[in-house]
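Asker: File name structure39.txt; file contents compact mmCIF, C-alpha atoms; full text below.
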```
# COMPACT_ATOMS: atom_id res chain seq x y z
CA MET C 269 202.26 -165.79 -146.74
CA PRO C 270 200.49 -162.47 -145.90
CA GLN C 271 199.62 -163.84 -142.44
CA ALA C 272 203.21 -164.99 -141.83
CA VAL C 273 204.60 -161.61 -142.90
CA ALA C 274 202.03 -159.78 -140.74
CA LEU C 275 202.89 -161.93 -137.70
CA TYR C 276 206.60 -161.19 -138.13
CA ILE C 277 206.04 -157.45 -138.57
CA GLY C 278 203.59 -157.35 -135.66
CA ALA C 279 206.11 -159.12 -133.41
CA VAL C 280 209.00 -156.81 -134.35
CA ILE C 281 207.39 -153.35 -134.74
CA GLY C 282 206.52 -152.53 -131.17
CA SER C 283 206.84 -149.60 -128.83
CA GLY C 284 210.36 -148.99 -130.18
CA ILE C 285 209.16 -147.14 -133.26
CA LEU C 286 207.11 -144.82 -131.02
CA ILE C 287 210.01 -143.60 -128.91
CA THR C 288 213.47 -144.55 -130.27
CA PRO C 289 213.60 -142.32 -133.40
CA GLY C 290 213.33 -139.26 -131.16
CA ILE C 291 215.55 -140.55 -128.36
CA THR C 292 218.39 -141.62 -130.69
CA ALA C 293 218.16 -138.32 -132.60
CA ARG C 294 218.55 -136.42 -129.34
CA MET C 295 221.41 -138.70 -128.33
CA ALA C 296 223.48 -138.65 -131.54
CA GLY C 297 221.95 -135.88 -133.64
CA PRO C 298 221.54 -136.48 -137.40
CA SER C 299 224.27 -139.15 -137.29
CA ALA C 300 221.72 -141.43 -135.60
CA ILE C 301 220.79 -142.35 -139.18
CA ILE C 302 224.11 -144.25 -139.37
CA ALA C 303 223.07 -146.32 -136.33
CA TRP C 304 219.68 -147.09 -137.93
CA ILE C 305 221.29 -148.24 -141.21
CA CYS C 306 223.86 -150.40 -139.42
CA MET C 307 221.28 -152.01 -137.17
CA ALA C 308 218.92 -152.73 -140.05
CA LEU C 309 221.76 -154.51 -141.89
CA LEU C 310 223.12 -156.36 -138.84
CA ILE C 311 219.72 -157.57 -137.67
CA LEU C 312 218.96 -159.21 -141.04
CA PRO C 313 221.28 -162.19 -140.31
CA LEU C 314 219.55 -162.64 -136.95
CA ALA C 315 216.13 -162.67 -138.62
CA LEU C 316 217.30 -165.07 -141.33
CA SER C 317 218.86 -167.37 -138.73
CA MET C 318 215.52 -167.71 -136.96
CA GLY C 319 213.75 -168.10 -140.30
CA LEU C 320 216.04 -170.89 -141.54
CA LEU C 321 215.75 -172.79 -138.25
CA SER C 322 211.96 -172.45 -138.31
CA ALA C 323 211.89 -173.76 -141.89
CA ARG C 324 214.14 -176.75 -141.14
CA TYR C 325 212.72 -177.66 -137.72
CA PRO C 326 209.10 -176.38 -137.38
CA ASN C 327 207.93 -176.94 -133.83
CA ALA C 328 205.79 -175.19 -131.19
CA GLY C 329 208.88 -175.03 -128.98
CA GLY C 330 210.58 -172.61 -131.37
CA VAL C 331 214.00 -171.56 -130.06
CA SER C 332 213.63 -173.98 -127.15
CA HIS C 333 213.25 -176.83 -129.66
CA PHE C 334 216.28 -175.70 -131.68
CA VAL C 335 218.44 -175.60 -128.54
CA SER C 336 217.15 -179.04 -127.48
CA LEU C 337 218.20 -180.53 -130.82
CA ALA C 338 221.63 -178.89 -130.64
CA PHE C 339 222.56 -179.12 -126.95
CA GLY C 340 220.09 -181.43 -125.24
CA PRO C 341 216.51 -181.23 -123.91
CA ARG C 342 217.36 -179.83 -120.48
CA LEU C 343 219.10 -176.69 -121.79
CA GLY C 344 216.37 -176.34 -124.41
CA ALA C 345 213.72 -176.45 -121.70
CA LEU C 346 215.55 -173.77 -119.69
CA ILE C 347 215.59 -171.48 -122.74
CA GLY C 348 211.89 -172.17 -123.17
CA TRP C 349 211.27 -171.03 -119.60
CA PHE C 350 213.32 -167.86 -120.24
CA PHE C 351 210.95 -166.97 -123.06
CA LEU C 352 207.79 -168.12 -121.27
CA MET C 353 208.51 -166.02 -118.16
CA SER C 354 209.48 -162.92 -120.16
CA VAL C 355 206.12 -162.55 -121.92
CA PRO C 356 204.04 -162.16 -118.69
CA ILE C 357 206.02 -158.94 -118.10
CA GLY C 358 206.75 -157.88 -121.67
CA ALA C 359 203.15 -158.03 -122.91
CA PRO C 360 201.76 -155.72 -120.17
CA VAL C 361 204.62 -153.30 -120.85
CA ALA C 362 203.66 -153.21 -124.54
CA ALA C 363 199.98 -152.74 -123.68
CA LEU C 364 200.73 -149.95 -121.20
CA THR C 365 202.94 -148.22 -123.79
CA GLY C 366 200.23 -148.28 -126.45
CA ALA C 367 197.56 -147.23 -123.97
CA GLY C 368 199.85 -144.45 -122.69
CA TYR C 369 200.21 -142.97 -126.17
CA LEU C 370 196.42 -143.07 -126.66
CA THR C 371 195.58 -141.49 -123.30
CA ALA C 372 198.26 -138.83 -123.77
CA ALA C 373 196.78 -137.93 -127.17
CA LEU C 374 193.27 -137.67 -125.69
CA GLY C 375 194.23 -136.15 -122.34
CA TRP C 376 192.92 -139.06 -120.28
CA SER C 377 194.08 -140.13 -116.79
CA GLU C 378 196.34 -142.94 -115.59
CA PRO C 379 193.45 -145.21 -114.41
CA ILE C 380 191.98 -145.05 -117.92
CA ARG C 381 195.40 -145.97 -119.32
CA ILE C 382 195.48 -149.10 -117.15
CA THR C 383 191.91 -149.98 -118.16
CA ILE C 384 192.77 -149.65 -121.88
CA ALA C 385 195.92 -151.75 -121.38
CA ALA C 386 193.83 -154.47 -119.71
CA ALA C 387 191.35 -154.36 -122.59
CA LEU C 388 194.15 -154.71 -125.16
CA LEU C 389 195.55 -157.72 -123.31
CA LEU C 390 192.11 -159.32 -122.98
CA PHE C 391 191.50 -158.85 -126.70
CA SER C 392 194.89 -160.47 -127.49
CA LEU C 393 194.14 -163.41 -125.19
CA LEU C 394 190.74 -164.01 -126.82
CA ILE C 395 192.20 -163.87 -130.32
CA ASN C 396 194.80 -166.48 -129.37
CA TRP C 397 192.15 -168.66 -127.74
CA ILE C 398 190.15 -168.72 -130.97
CA GLY C 399 193.27 -169.58 -132.96
CA PHE C 400 195.73 -168.33 -135.53
CA GLN C 401 193.46 -168.75 -138.50
CA LEU C 402 191.59 -165.71 -137.14
CA ALA C 403 194.61 -164.10 -135.46
CA GLY C 404 196.57 -164.18 -138.71
CA LYS C 405 193.76 -162.44 -140.61
CA ILE C 406 193.34 -159.79 -137.90
CA GLN C 407 197.11 -159.29 -137.81
CA VAL C 408 197.13 -158.65 -141.57
CA ALA C 409 194.50 -155.91 -141.11
CA VAL C 410 196.20 -154.37 -138.07
CA VAL C 411 199.69 -154.38 -139.61
CA GLY C 412 198.27 -152.98 -142.85
CA ALA C 413 196.73 -150.09 -140.90
CA ILE C 414 200.02 -149.49 -139.05
CA ILE C 415 201.98 -149.30 -142.31
CA LEU C 416 199.42 -146.90 -143.82
CA VAL C 417 199.50 -144.53 -140.83
CA LEU C 418 203.30 -144.60 -140.53
CA GLY C 419 203.49 -143.94 -144.25
CA LEU C 420 201.07 -141.03 -143.77
CA ALA C 421 203.22 -139.66 -140.95
CA ILE C 422 206.28 -139.77 -143.19
CA VAL C 423 204.51 -138.13 -146.15
CA VAL C 424 202.89 -135.29 -144.16
CA ALA C 425 206.23 -134.55 -142.48
CA ILE C 426 208.19 -134.13 -145.74
CA PRO C 427 207.16 -130.44 -146.32
CA ASP C 428 208.53 -129.56 -142.85
CA MET C 429 211.94 -131.16 -143.46
CA LYS C 430 214.95 -128.86 -143.87
CA VAL C 431 218.46 -129.68 -145.07
CA SER C 432 219.85 -127.41 -142.34
CA ASN C 433 218.41 -129.76 -139.71
CA PHE C 434 220.98 -132.39 -140.74
CA THR C 435 223.92 -130.17 -139.74
CA PRO C 436 226.10 -130.49 -137.78
CA PHE C 437 225.82 -134.16 -138.74
CA MET C 438 227.76 -135.65 -135.82
CA PRO C 439 227.60 -133.18 -132.91
CA HIS C 440 228.45 -135.73 -130.19
CA GLY C 441 231.05 -137.91 -131.94
CA TRP C 442 231.16 -141.59 -132.91
CA PHE C 443 230.56 -142.86 -129.38
CA SER C 444 227.03 -141.47 -129.39
CA VAL C 445 226.36 -143.37 -132.64
CA GLY C 446 227.48 -146.57 -130.93
CA GLN C 447 225.22 -145.87 -127.95
CA SER C 448 222.31 -145.32 -130.30
CA ALA C 449 223.01 -148.60 -132.09
CA ALA C 450 223.00 -150.53 -128.80
CA MET C 451 219.65 -148.99 -127.87
CA LEU C 452 218.18 -149.86 -131.26
CA PHE C 453 218.69 -153.59 -130.66
CA TRP C 454 215.40 -153.56 -128.74
CA CYS C 455 213.55 -152.26 -131.81
CA PHE C 456 214.36 -155.40 -133.74
CA ILE C 457 213.56 -158.07 -131.13
CA GLY C 458 210.67 -160.31 -132.18
CA TRP C 459 212.00 -162.67 -134.84
CA GLU C 460 212.21 -165.47 -132.31
CA ALA C 461 208.52 -165.17 -131.37
CA VAL C 462 207.12 -166.44 -134.67
CA SER C 463 209.46 -169.46 -134.60
CA HIS C 464 207.10 -170.91 -131.97
CA LEU C 465 204.23 -170.72 -134.46
CA SER C 466 206.11 -172.45 -137.31
CA GLU C 467 204.45 -175.80 -136.56
CA GLU C 468 201.12 -174.25 -137.56
CA PHE C 469 202.28 -172.85 -140.93
CA LYS C 470 200.90 -174.75 -143.93
CA ASP C 471 204.30 -174.43 -145.66
CA PRO C 472 207.04 -173.70 -143.07
CA GLN C 473 209.81 -173.56 -145.69
CA LYS C 474 208.09 -170.83 -147.66
CA ALA C 475 206.47 -168.93 -144.80
CA ALA C 476 209.50 -168.84 -142.51
CA VAL C 477 212.29 -167.89 -144.93
CA ARG C 478 210.46 -165.74 -147.48
CA GLY C 479 208.24 -164.25 -144.77
CA VAL C 480 211.30 -163.17 -142.77
CA ILE C 481 212.97 -161.55 -145.79
CA ILE C 482 209.82 -159.60 -146.76
CA ALA C 483 209.09 -158.57 -143.17
CA ALA C 484 212.70 -157.54 -142.46
CA SER C 485 212.75 -155.35 -145.57
CA ILE C 486 209.48 -153.61 -144.63
CA VAL C 487 210.48 -153.15 -140.98
CA GLY C 488 213.94 -151.80 -141.82
CA LEU C 489 212.55 -149.33 -144.36
CA LEU C 490 209.80 -148.06 -142.02
CA TYR C 491 212.23 -147.56 -139.15
CA LEU C 492 214.80 -145.77 -141.32
CA LEU C 493 212.28 -143.43 -143.00
CA THR C 494 210.67 -142.59 -139.64
CA ALA C 495 214.12 -141.74 -138.22
CA ILE C 496 214.97 -139.56 -141.24
CA VAL C 497 211.79 -137.45 -141.04
CA THR C 498 212.11 -137.21 -137.24
CA ILE C 499 215.55 -135.65 -137.72
CA GLY C 500 214.61 -133.62 -140.79
CA THR C 501 211.69 -131.95 -139.00
CA GLN C 502 213.46 -131.80 -135.60
CA SER C 503 210.24 -133.05 -133.99
CA TYR C 504 212.42 -134.78 -131.37
CA LEU C 505 213.27 -131.38 -129.87
CA ASN C 506 209.66 -130.97 -128.67
CA ASP C 507 209.30 -134.36 -127.01
CA ALA C 508 211.73 -137.16 -127.86
CA ASP C 509 209.47 -139.79 -126.27
CA ALA C 510 206.48 -138.89 -128.46
CA SER C 511 207.98 -137.71 -131.72
CA LEU C 512 205.36 -139.64 -133.73
CA VAL C 513 202.58 -137.50 -132.23
CA HIS C 514 204.36 -134.33 -133.35
CA LEU C 515 205.08 -135.74 -136.82
CA ILE C 516 201.39 -136.35 -137.50
CA GLY C 517 199.95 -133.57 -135.35
CA SER C 518 202.05 -130.87 -137.02
CA ARG C 519 199.88 -131.16 -140.14
CA LEU C 520 196.65 -132.79 -138.95
CA GLY C 521 196.19 -131.07 -135.58
CA ILE C 522 194.13 -132.80 -132.90
CA TRP C 523 192.97 -135.47 -135.33
CA GLY C 524 196.60 -136.25 -136.04
CA ALA C 525 197.25 -136.72 -132.33
CA VAL C 526 194.24 -139.03 -132.02
CA LEU C 527 195.37 -140.98 -135.10
CA SER C 528 198.86 -141.41 -133.70
CA GLY C 529 197.40 -142.58 -130.36
CA LEU C 530 195.22 -145.18 -132.08
CA THR C 531 198.18 -146.29 -134.18
CA ALA C 532 200.28 -146.77 -131.06
CA ALA C 533 197.53 -148.92 -129.54
CA CYS C 534 197.37 -151.01 -132.74
CA ILE C 535 201.16 -151.41 -132.85
CA CYS C 536 201.32 -152.67 -129.28
CA THR C 537 198.28 -154.92 -129.76
CA ALA C 538 199.94 -156.57 -132.76
CA THR C 539 202.97 -157.26 -130.57
CA THR C 540 200.96 -158.76 -127.71
CA VAL C 541 198.97 -160.99 -130.07
CA ALA C 542 202.19 -162.46 -131.50
CA TYR C 543 203.93 -162.91 -128.15
CA ILE C 544 200.93 -164.41 -126.34
CA GLY C 545 200.57 -166.90 -129.18
CA ALA C 546 204.28 -167.76 -128.98
CA ALA C 547 204.41 -168.09 -125.17
CA SER C 548 201.29 -170.28 -124.97
CA ARG C 549 202.86 -172.61 -127.58
CA VAL C 550 206.09 -172.72 -125.57
CA ALA C 551 204.12 -173.79 -122.47
CA PHE C 552 202.43 -176.49 -124.57
CA ALA C 553 205.78 -177.72 -125.95
CA LEU C 554 207.43 -177.75 -122.50
CA SER C 555 204.55 -179.77 -121.10
CA ARG C 556 204.70 -182.16 -124.05
CA SER C 557 208.40 -182.78 -123.33
CA GLY C 558 207.86 -183.18 -119.58
CA TYR C 559 209.40 -179.88 -118.43
CA ALA C 560 206.15 -178.14 -117.44
CA ALA C 561 202.96 -179.18 -115.67
CA ARG C 562 200.83 -181.65 -117.62
CA PRO C 563 197.74 -179.37 -117.86
CA PHE C 564 199.73 -176.99 -120.12
CA SER C 565 199.45 -179.61 -122.89
CA HIS C 566 195.64 -179.39 -122.87
CA LEU C 567 194.13 -178.09 -126.10
CA SER C 568 190.73 -176.52 -126.66
CA PRO C 569 188.43 -179.23 -128.10
CA ARG C 570 186.93 -176.67 -130.49
CA PHE C 571 189.85 -174.46 -131.53
CA ARG C 572 192.82 -176.78 -130.80
CA THR C 573 194.63 -173.95 -129.00
CA PRO C 574 196.64 -174.26 -125.73
CA THR C 575 193.98 -172.87 -123.39
CA VAL C 576 195.81 -173.55 -120.11
CA GLY C 577 198.89 -171.68 -121.32
CA ILE C 578 196.71 -168.76 -122.39
CA ALA C 579 194.93 -168.80 -119.01
CA PHE C 580 198.30 -168.85 -117.20
CA LEU C 581 199.44 -165.77 -119.12
CA GLY C 582 196.14 -164.03 -118.38
CA SER C 583 196.61 -164.64 -114.65
CA CYS C 584 200.14 -163.22 -114.82
CA PHE C 585 198.85 -160.12 -116.64
CA VAL C 586 196.33 -159.50 -113.84
CA ILE C 587 199.12 -159.66 -111.23
CA ILE C 588 201.49 -157.36 -113.16
CA LEU C 589 198.83 -154.75 -113.94
CA SER C 590 197.62 -154.83 -110.32
CA LEU C 591 201.15 -154.24 -109.00
CA TYR C 592 201.64 -151.43 -111.53
CA ALA C 593 198.32 -149.85 -110.56
CA THR C 594 199.32 -149.80 -106.87
CA GLY C 595 202.64 -148.16 -107.72
CA LEU C 596 204.74 -151.09 -106.46
CA LEU C 597 206.16 -151.65 -109.94
CA LYS C 598 207.24 -148.85 -112.27
CA LEU C 599 207.23 -149.12 -116.06
CA GLU C 600 211.00 -148.49 -116.15
CA LEU C 601 211.61 -151.55 -113.96
CA LEU C 602 209.21 -153.69 -115.96
CA LEU C 603 211.02 -152.71 -119.16
CA GLN C 604 214.37 -153.94 -117.87
CA LEU C 605 213.43 -157.29 -116.32
CA PRO C 606 212.73 -159.38 -119.45
CA ASN C 607 215.50 -157.86 -121.57
CA SER C 608 218.35 -160.10 -120.45
CA ALA C 609 216.14 -163.20 -120.71
CA PHE C 610 215.27 -162.29 -124.30
CA ILE C 611 218.95 -161.76 -125.17
CA LEU C 612 219.93 -165.11 -123.62
CA THR C 613 217.17 -166.72 -125.69
CA TYR C 614 218.70 -165.19 -128.83
CA LEU C 615 222.23 -166.22 -127.83
CA ALA C 616 221.18 -169.82 -127.34
CA GLY C 617 219.13 -169.82 -130.54
CA CYS C 618 222.03 -168.45 -132.60
CA ALA C 619 224.44 -170.96 -131.06
CA ALA C 620 221.97 -173.72 -131.96
CA GLY C 621 221.82 -172.29 -135.48
CA VAL C 622 225.60 -172.56 -135.87
CA ARG C 623 225.47 -176.23 -134.89
CA LEU C 624 222.29 -177.28 -136.70
CA LEU C 625 223.04 -175.34 -139.89
CA TRP C 626 226.77 -176.13 -139.95
CA LYS C 627 226.57 -178.01 -143.25
CA GLU C 628 224.88 -175.03 -144.91
CA LYS C 629 227.43 -172.30 -145.59
CA VAL C 630 224.90 -169.45 -145.52
CA GLY C 631 223.15 -170.73 -142.41
CA ARG C 632 226.44 -171.27 -140.57
CA TRP C 633 227.70 -167.78 -141.34
CA ILE C 634 224.52 -165.84 -140.55
CA SER C 635 224.06 -167.75 -137.29
CA GLY C 636 227.67 -167.08 -136.33
CA ILE C 637 227.41 -163.36 -137.12
CA SER C 638 224.14 -163.17 -135.14
CA PHE C 639 225.71 -164.92 -132.15
CA ALA C 640 228.72 -162.58 -132.10
CA PHE C 641 226.55 -159.48 -132.42
CA THR C 642 224.16 -160.55 -129.66
CA LEU C 643 227.09 -161.43 -127.40
CA ILE C 644 228.43 -157.88 -127.78
CA VAL C 645 225.07 -156.43 -126.74
CA PHE C 646 224.58 -158.75 -123.74
CA PRO C 647 226.80 -156.83 -121.21
CA PHE C 648 224.50 -153.81 -121.59
CA THR C 649 221.75 -155.70 -119.70
CA GLY C 650 223.47 -154.91 -116.37
CA TRP C 651 221.67 -155.89 -113.18
CA ALA C 652 218.67 -157.28 -115.14
CA ILE C 653 220.64 -160.54 -115.50
CA LEU C 654 219.26 -161.35 -112.03
CA TYR C 655 215.87 -162.18 -113.56
CA PRO C 656 217.02 -165.07 -115.82
CA LEU C 657 219.34 -166.13 -112.97
CA ALA C 658 216.29 -166.50 -110.70
CA ILE C 659 214.50 -168.48 -113.44
CA THR C 660 217.55 -170.75 -113.76
CA ILE C 661 217.60 -171.46 -110.01
CA LEU C 662 213.88 -172.27 -109.95
CA PHE C 663 214.25 -174.48 -113.03
CA TRP C 664 217.15 -176.36 -111.40
CA LEU C 665 215.12 -176.93 -108.23
CA MET C 666 212.13 -178.12 -110.29
CA THR C 667 214.14 -180.60 -112.37
CA ARG C 668 216.05 -181.81 -109.32
CA LYS C 669 212.79 -182.50 -107.47
CA ARG C 670 211.46 -184.38 -110.47
CA ALA C 671 214.66 -186.49 -110.61
CA VAL C 672 214.39 -187.34 -106.89
CA GLN C 673 210.74 -188.39 -107.28
CA ARG C 674 211.71 -190.76 -110.10
```
Show the structure stored in the file as structure tokens.

Answerer:
Amino acid sequence: MPQAVALYIGAVIGSGILITPGITARMAGPSAIIAWICMALLILPLALSMGLLSARYPNAGGVSHFVSLAFGPRLGALIGWFFLMSVPIGAPVAALTGAGYLTAALGWSEPIRITIAAALLLFSLLINWIGFQLAGKIQVAVVGAIILVLGLAIVVAIPDMKVSNFTPFMPHGWFSVGQSAAMLFWCFIGWEAVSHLSEEFKDPQKAAVRGVIIAASIVGLLYLLTAIVTIGTQSYLNDADASLVHLIGSRLGIWGAVLSGLTAACICTATTVAYIGAASRVAFALSRSGYAARPFSHLSPRFRTPTVGIAFLGSCFVIILSLYATGLLKLELLLQLPNSAFILTYLAGCAAGVRLLWKEKVGRWISGISFAFTLIVFPFTGWAILYPLAITILFWLMTRKRAVQR
């Protein structure tokens, strides 16, 4: 159970907690707290939907497997490819974010940032190669350290909080609260990642459902408290993108800045560990069902981990970091590309939940609410829809070629 909870928290608490409390506070003022409360409550059905599906249908394919059961193997495989091709971009973004916080705290240069990001990714790849018995234990330690430091940041910031900083409460009206809520969706993505690991849980029923409830409660509370102290201290006025540094540094000085930088690196490493594990299992499941190259189904003789999938992700990371280092790809662009693919994965997973959990009143309702909520958010992806569209075209060509050869 502790490993399951740590994997969920590590997958969900990512770079969002480093930047969004300050950005939403600047966007909506103190009323951003309303957006945080609403999002924490609305995301719980989404988390529970993924948890219930993982408990009922544990499989390395995760959301792809759920969609296959509900709507057929071909659509399920396409959703699997959406997820698989999002992680090669999303993981380097997370690593660069964590490394950026650390180098900013220590005053280091951009080349060092890229080197640290590469080291974080390499560490995550090695952990996944060895297996989730070790990864789960490391994740427990990392997530425990993250919670302690975030708790410290909240506690040390309390003396600097002022009631006057919460007025005027809504300086930019209700629309700004809605904008903040839409942005906060990205802070709570990650519940789908652990569904791909459900096949490896000793007790999927217990780990998936109870683990999700515990993790969602911890994540929601941490996010909300961080947002409250960010507003109460007005640390977002100094630098909205790095409000956590100011929260800790205001009381602990340079050591606080270093601590916040290390925490950021740990947060992003926890995310990459979870997502690399999930994506490599998706590649394995797609190969097992005939929708990916056969070598992806190869397992390490010693650790029983999908080594070819892990190697594929490592190769993609090298390409993405190289393009970023040359300046051909900017972090802003990399942030946008996988977003629409992730949302489509959620949409399909929630739709599958409605169908597969139809006989269960709770499951049917939470899946339906999650589907409607995700559908509302989807138009905000904008031009980034081109990325999953390109994946769809390539998938269609691949399956058509396979049909012709048969």

Asker: Ranking C:Ala363, C:Gly488, C:Val331, C:Glu600 by minimum distance to Phe350 in chain C and counting all atoms listed in the file, which one comes first?

Answerer: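 Nearest to Phe350 in chain C: C:Val331.
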
Asker: Would you please work out which residue, of C:Ala476, C:Ala461, C:Leu602, C:Leu314, is nearest to Ala547 in chain C when using all atoms listed in the file?

Answerer: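 Checking each candidate against Ala547 in chain C, we get C:Ala461 as the closest.
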
Asker: My list of candidates is C:Trp376, C:Phe639, C:Tyr491, C:Trp397. Which is closest to Ile287 in chain C when distances are computed with all atoms listed in the file?

Answerer: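 Result for the nearest residue to Ile287 in chain C: C:Tyr491.
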
Asker: Please provide the set of residues having any atom within 9 Å of Leu599 in chain C, restricted to all atoms listed in the file, with same-chain residues fewer than 2 positions apart removed, written as a PyMOL selection string.

Answerer: chain C and resi 361+364-365+592+597+601-604

Asker: Measuring between only C-alpha atoms, which one of C:Val480, C:Leu624, C:Leu581, C:Ile499 shows the shortest distance to Gly458 in chain C?

Answerer: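 Distance minimum relative to Gly458 in chain C lands on C:Val480.
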
Asker: What is the CA of Met269 in chain C-CA of Lys474 in chain C distance in Å, reported with one decimal?

Answerer: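 CA of Met269 in chain C sits 7.8 Å away from CA of Lys474 in chain C.
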
Asker: Will you model all heavy atoms for range 354-361 of chain C and pass it back as a CSV table (one decimal), keeping the file's coordinate frame?

Answerer:
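The resulting file, result.csv, is reproduced below:
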```csv
chain,number,residue,atom,x,y,z
C,354,SER,N,209.3,-164.3,-119.7
C,354,SER,CA,209.5,-162.9,-120.2
C,354,SER,C,208.2,-162.3,-120.7
C,354,SER,O,208.0,-161.1,-120.5
C,354,SER,CB,210.5,-162.9,-121.3
C,354,SER,OG,211.8,-163.3,-120.8
C,355,VAL,N,207.4,-163.1,-121.3
C,355,VAL,CA,206.1,-162.6,-121.9
C,355,VAL,C,205.1,-162.0,-120.9
C,355,VAL,O,204.5,-161.0,-121.1
C,355,VAL,CB,205.5,-163.6,-122.8
C,355,VAL,CG1,204.1,-163.1,-123.4
C,355,VAL,CG2,206.4,-163.9,-124.0
C,356,PRO,N,205.0,-162.7,-119.7
C,356,PRO,CA,204.0,-162.2,-118.7
C,356,PRO,C,204.4,-160.7,-118.3
C,356,PRO,O,203.5,-160.0,-117.8
C,356,PRO,CB,204.2,-163.1,-117.5
C,356,PRO,CG,204.6,-164.4,-118.1
C,356,PRO,CD,205.5,-164.0,-119.3
C,357,ILE,N,205.6,-160.3,-118.4
C,357,ILE,CA,206.0,-158.9,-118.1
C,357,ILE,C,206.0,-158.1,-119.4
C,357,ILE,O,205.5,-157.0,-119.4
C,357,ILE,CB,207.4,-158.9,-117.4
C,357,ILE,CG1,207.4,-159.7,-116.1
C,357,ILE,CG2,207.8,-157.5,-117.1
C,357,ILE,CD1,208.7,-159.8,-115.4
C,358,GLY,N,206.6,-158.6,-120.4
C,358,GLY,CA,206.8,-157.9,-121.7
C,358,GLY,C,205.4,-157.5,-122.3
C,358,GLY,O,205.3,-156.4,-122.8
C,359,ALA,N,204.4,-158.4,-122.3
C,359,ALA,CA,203.2,-158.0,-122.9
C,359,ALA,C,202.4,-156.9,-122.2
C,359,ALA,O,201.9,-156.0,-122.8
C,359,ALA,CB,202.3,-159.3,-123.0
C,360,PRO,N,202.4,-156.9,-120.8
C,360,PRO,CA,201.8,-155.7,-120.2
C,360,PRO,C,202.5,-154.4,-120.4
C,360,PRO,O,201.9,-153.4,-120.5
C,360,PRO,CB,201.8,-156.1,-118.7
C,360,PRO,CG,201.8,-157.6,-118.7
C,360,PRO,CD,202.6,-158.0,-119.9
C,361,VAL,N,203.8,-154.5,-120.5
C,361,VAL,CA,204.6,-153.3,-120.8
C,361,VAL,C,204.2,-152.7,-122.2
C,361,VAL,O,204.0,-151.5,-122.4
C,361,VAL,CB,206.1,-153.6,-120.8
C,361,VAL,CG1,206.9,-152.5,-121.5
C,361,VAL,CG2,206.6,-153.8,-119.4
```
